[in-house]
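Engineer: Dumping the structure here so I can ask a few things about it.
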Amino acid sequence: MELIHRNLLIGIHDALQETFFQEKKYADKVIERLLKAHRKWGSQDRQTVSEIFYNIIRWKKRLEYYMGEGVKPNNVYKLILAYLLWSKSHYKKFEEFDGIKIADILTKLKKGTVPTKAIEYSIPEWLAETLEKELGKNWEREMLALNEQAPTVLRTNTLKTTPRELIADLKDENVESFTIKNYPDAVQLEEKKNVFLTSAFKDGLFEVQDASSQKIGELLDVKEGMRVVDACAGAGGKTLHLAALMKNKGQIIALDIYEWKLAELKRRAKRAGAHNIETRVISDNKVIKRLHEKADRLLIDAPCSGLGVLKRNPDSKWKIDQDFIDRIKGEQQQILQDYSKILKKGGQMIYATCSILPSENNEQVKKFLENNPEFSLIKDEKIMPSEGYDGFYMALIKRNG
């Protein structure tokens, strides 16, 4: 990796400033806007900018230790320089680096050790404590995995093609990919590429969806002709998977509290050729009440800390705190309690999160089942980041008839 063009340095600087110091600016959207604004950058330049940007976000706390100070709006160039020195990246001595004491950074780098585990894994101190408390001695292995770059995994849209055909189509567009054992619809890229520019994407042959996330649709065991409710549908990655598994037969009702997310889902559904999805905004409690005991299958992909997906959203560890996690656990219990009433007697539902904390996962299910004896657990599954993909939890629960 090398940084030899000043305009790339300035782009990285501005994107980091926006991500760290502006309210509700998320790294994936910030980098997307930056790359759109610089269409003249070649693929190598874009890759350099993305990689350095994400790695600095990932390793912020460790880099702050090497810098000898916390990151502030006026020292982002020092943060970038600390990263370039630590990663041994070749760079030009840009004027933006003038006056930064390199010797102090190099002295710390030469030590080869850091004082705390939180600095080593580059996470807030409170998070290191929470992970250790909830995961025991395994927390370091999981944090090591979460600091790696996520692979790009696609879900074949089986309404239009097969994994084998998709691989061949992508190869024609110079994108190399392969199937993954035990993930029937998944196709993984050999290396990071902007697949959104391919005609395979424009033709709706795939969606970008992590392998772990694809397990949820399969576990729900939907059948053609069923009525299925996706209660926290968002932009609809899992909704579209369910539509494909149902071969467009039956009905999927996609609910969310955000209208703009459902608008995005509609756009994606059109491209995918998924015709059995109806969207409804949860504007008040009546929307849920009208659906009581109406669904054969229910998916509750609950809001959560997102700690299982730090590989792809590394900035979220700097945006959440313990209060947020405690608050979200209250929401999860409320959602389970309210939305589970949508399920018919004899129906099945999944409670899922992209968290790795037991307090958001099996402990929530246990509490729900204790308070609702008419429901019983069929099985649950936790996928940890150290297994190679995102961290997820999913519990299949039956409403006894």
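FYI, nothing fancy with the structure tokens labels: chains A, B, ... in order, residues from 1 per chain, ligands from 1 as they appear.
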Fewer than 5 positions away in the same chain doesn't count, so skip those; otherwise give me all residues within 8 Å of Ala27 in chain A, counting only C-alpha atoms, as an mmCIF file with N, CA, C and O atoms, in the first residue's frame.

Structural biologist:
```cif
data_model
loop_
_atom_site.group_PDB
_atom_site.id
_atom_site.type_symbol
_atom_site.label_atom_id
_atom_site.label_comp_id
_atom_site.auth_asym_id
_atom_site.auth_seq_id
_atom_site.Cartn_x
_atom_site.Cartn_y
_atom_site.Cartn_z
ATOM 1 N N THR A 19 -16.552 11.349 9.507
ATOM 2 C CA THR A 19 -16.986 10.142 10.230
ATOM 3 C C THR A 19 -16.841 10.309 11.745
ATOM 4 O O THR A 19 -17.733 9.929 12.503
ATOM 5 N N TYR A 54 -10.700 2.820 6.114
ATOM 6 C CA TYR A 54 -11.290 1.819 7.010
ATOM 7 C C TYR A 54 -10.296 1.328 8.061
ATOM 8 O O TYR A 54 -10.662 1.115 9.222
ATOM 9 N N ASN A 313 -18.509 -2.692 9.673
ATOM 10 C CA ASN A 313 -18.908 -1.379 10.227
ATOM 11 C C ASN A 313 -18.014 -1.011 11.408
ATOM 12 O O ASN A 313 -18.491 -0.889 12.546
ATOM 13 N N ASP A 315 -16.721 1.647 12.438
ATOM 14 C CA ASP A 315 -16.971 2.923 13.123
ATOM 15 C C ASP A 315 -18.021 2.805 14.223
ATOM 16 O O ASP A 315 -18.074 3.635 15.126
#
```

Engineer: Would you mind listing what lies within 12 Å of Glu125 in chain A as a PyMOL selection string, with only C-alpha atoms counted and same-chain residues fewer than 3 positions away left out?

Structural biologist: chain A and resi 61-62+116-122+128-132+317-318+321-322

Engineer: Apply DSSP to the backbone of this structure and, from range 4-215 of chain A, keep only the residues in strand (DSSP E); write these as a PDB file with C-alpha atoms, in the first residue's frame.

Structural biologist:
```
ATOM      1  CA  HIS A  90       5.232   4.064   1.423  1.00  0.00           C
ATOM      2  CA  TYR A  91       4.179   7.735   1.391  1.00  0.00           C
ATOM      3  CA  VAL A 153     -20.239 -12.445  -0.160  1.00  0.00           C
ATOM      4  CA  LEU A 154     -23.162 -12.376  -2.580  1.00  0.00           C
ATOM      5  CA  ARG A 155     -26.480 -14.161  -2.338  1.00  0.00           C
ATOM      6  CA  THR A 156     -27.545 -15.608  -5.658  1.00  0.00           C
ATOM      7  CA  SER A 177     -15.758 -15.815  -7.349  1.00  0.00           C
ATOM      8  CA  PHE A 178     -16.502 -19.220  -5.822  1.00  0.00           C
ATOM      9  CA  THR A 179     -19.262 -21.094  -3.959  1.00  0.00           C
ATOM     10  CA  ILE A 180     -19.078 -21.718  -0.196  1.00  0.00           C
ATOM     11  CA  TYR A 183     -24.201 -22.074   2.071  1.00  0.00           C
ATOM     12  CA  PRO A 184     -26.408 -23.084  -0.883  1.00  0.00           C
ATOM     13  CA  ASP A 185     -26.936 -19.629  -2.440  1.00  0.00           C
ATOM     14  CA  ALA A 186     -23.689 -17.911  -1.415  1.00  0.00           C
ATOM     15  CA  VAL A 187     -20.929 -16.816  -3.795  1.00  0.00           C
ATOM     16  CA  GLN A 188     -17.742 -15.235  -2.407  1.00  0.00           C
ATOM     17  CA  LEU A 189     -15.462 -12.860  -4.328  1.00  0.00           C
ATOM     18  CA  PHE A 206     -27.572 -11.175  -6.804  1.00  0.00           C
ATOM     19  CA  GLU A 207     -27.590  -9.118  -3.618  1.00  0.00           C
ATOM     20  CA  VAL A 208     -24.592  -8.447  -1.400  1.00  0.00           C
TER      21      VAL A 208
END
```

Engineer: Using only C-alpha atoms, which residues of range 129-165 of chain A come within 10 Å of range 340-358 of chain A, and what is the closest atom pair for each, with the distance in Å to one decimal? Give it as JSON lines, sorted by chain and residue number.

Structural biologist:
```
{"residue": "A:Thr130", "atom": "CA", "partner": "A:Leu357", "partner_atom": "CA", "distance": 8.7}
{"residue": "A:Leu131", "atom": "CA", "partner": "A:Leu357", "partner_atom": "CA", "distance": 7.4}
{"residue": "A:Lys133", "atom": "CA", "partner": "A:Leu357", "partner_atom": "CA", "distance": 9.6}
{"residue": "A:Glu134", "atom": "CA", "partner": "A:Leu357", "partner_atom": "CA", "distance": 6.2}
{"residue": "A:Leu135", "atom": "CA", "partner": "A:Leu357", "partner_atom": "CA", "distance": 7.3}
{"residue": "A:Trp139", "atom": "CA", "partner": "A:Ile356", "partner_atom": "CA", "distance": 9.8}
{"residue": "A:Glu142", "atom": "CA", "partner": "A:Ile356", "partner_atom": "CA", "distance": 9.0}
```

Engineer: If you count only C-alpha atoms, which residues fall within 7 Å of Glu173 in chain A, apart from same-chain ones fewer than 3 positions away, as a PyMOL selection string?

Structural biologist: chain A and resi 169-170+198

Engineer: Using only all heavy atoms, please write the residues we just selected to a file, as a JSON list (two decimals), in the first residue's frame.

Structural biologist:
```
[["chain", "number", "residue", "atom", "x", "y", "z"],
["A", 169, "ASP", "N", -21.22, -15.65, -15.11],
["A", 169, "ASP", "CA", -21.56, -14.28, -15.55],
["A", 169, "ASP", "C", -20.57, -13.26, -14.99],
["A", 169, "ASP", "O", -20.17, -12.33, -15.69],
["A", 169, "ASP", "CB", -22.98, -13.91, -15.12],
["A", 169, "ASP", "CG", -24.03, -14.62, -15.96],
["A", 169, "ASP", "OD1", -23.70, -15.06, -17.07],
["A", 169, "ASP", "OD2", -25.20, -14.75, -15.50],
["A", 170, "LEU", "N", -20.21, -13.43, -13.72],
["A", 170, "LEU", "CA", -19.27, -12.49, -13.09],
["A", 170, "LEU", "C", -17.88, -12.61, -13.71],
["A", 170, "LEU", "O", -17.19, -11.62, -13.92],
["A", 170, "LEU", "CB", -19.19, -12.73, -11.58],
["A", 170, "LEU", "CG", -20.43, -12.32, -10.77],
["A", 170, "LEU", "CD1", -20.34, -12.83, -9.34],
["A", 170, "LEU", "CD2", -20.62, -10.81, -10.76],
["A", 198, "THR", "N", -21.52, -4.01, -12.17],
["A", 198, "THR", "CA", -21.67, -5.12, -13.12],
["A", 198, "THR", "C", -23.10, -5.19, -13.67],
["A", 198, "THR", "O", -24.05, -4.78, -13.01],
["A", 198, "THR", "CB", -21.36, -6.49, -12.45],
["A", 198, "THR", "OG1", -22.30, -6.69, -11.38],
["A", 198, "THR", "CG2", -19.94, -6.53, -11.89]]
```
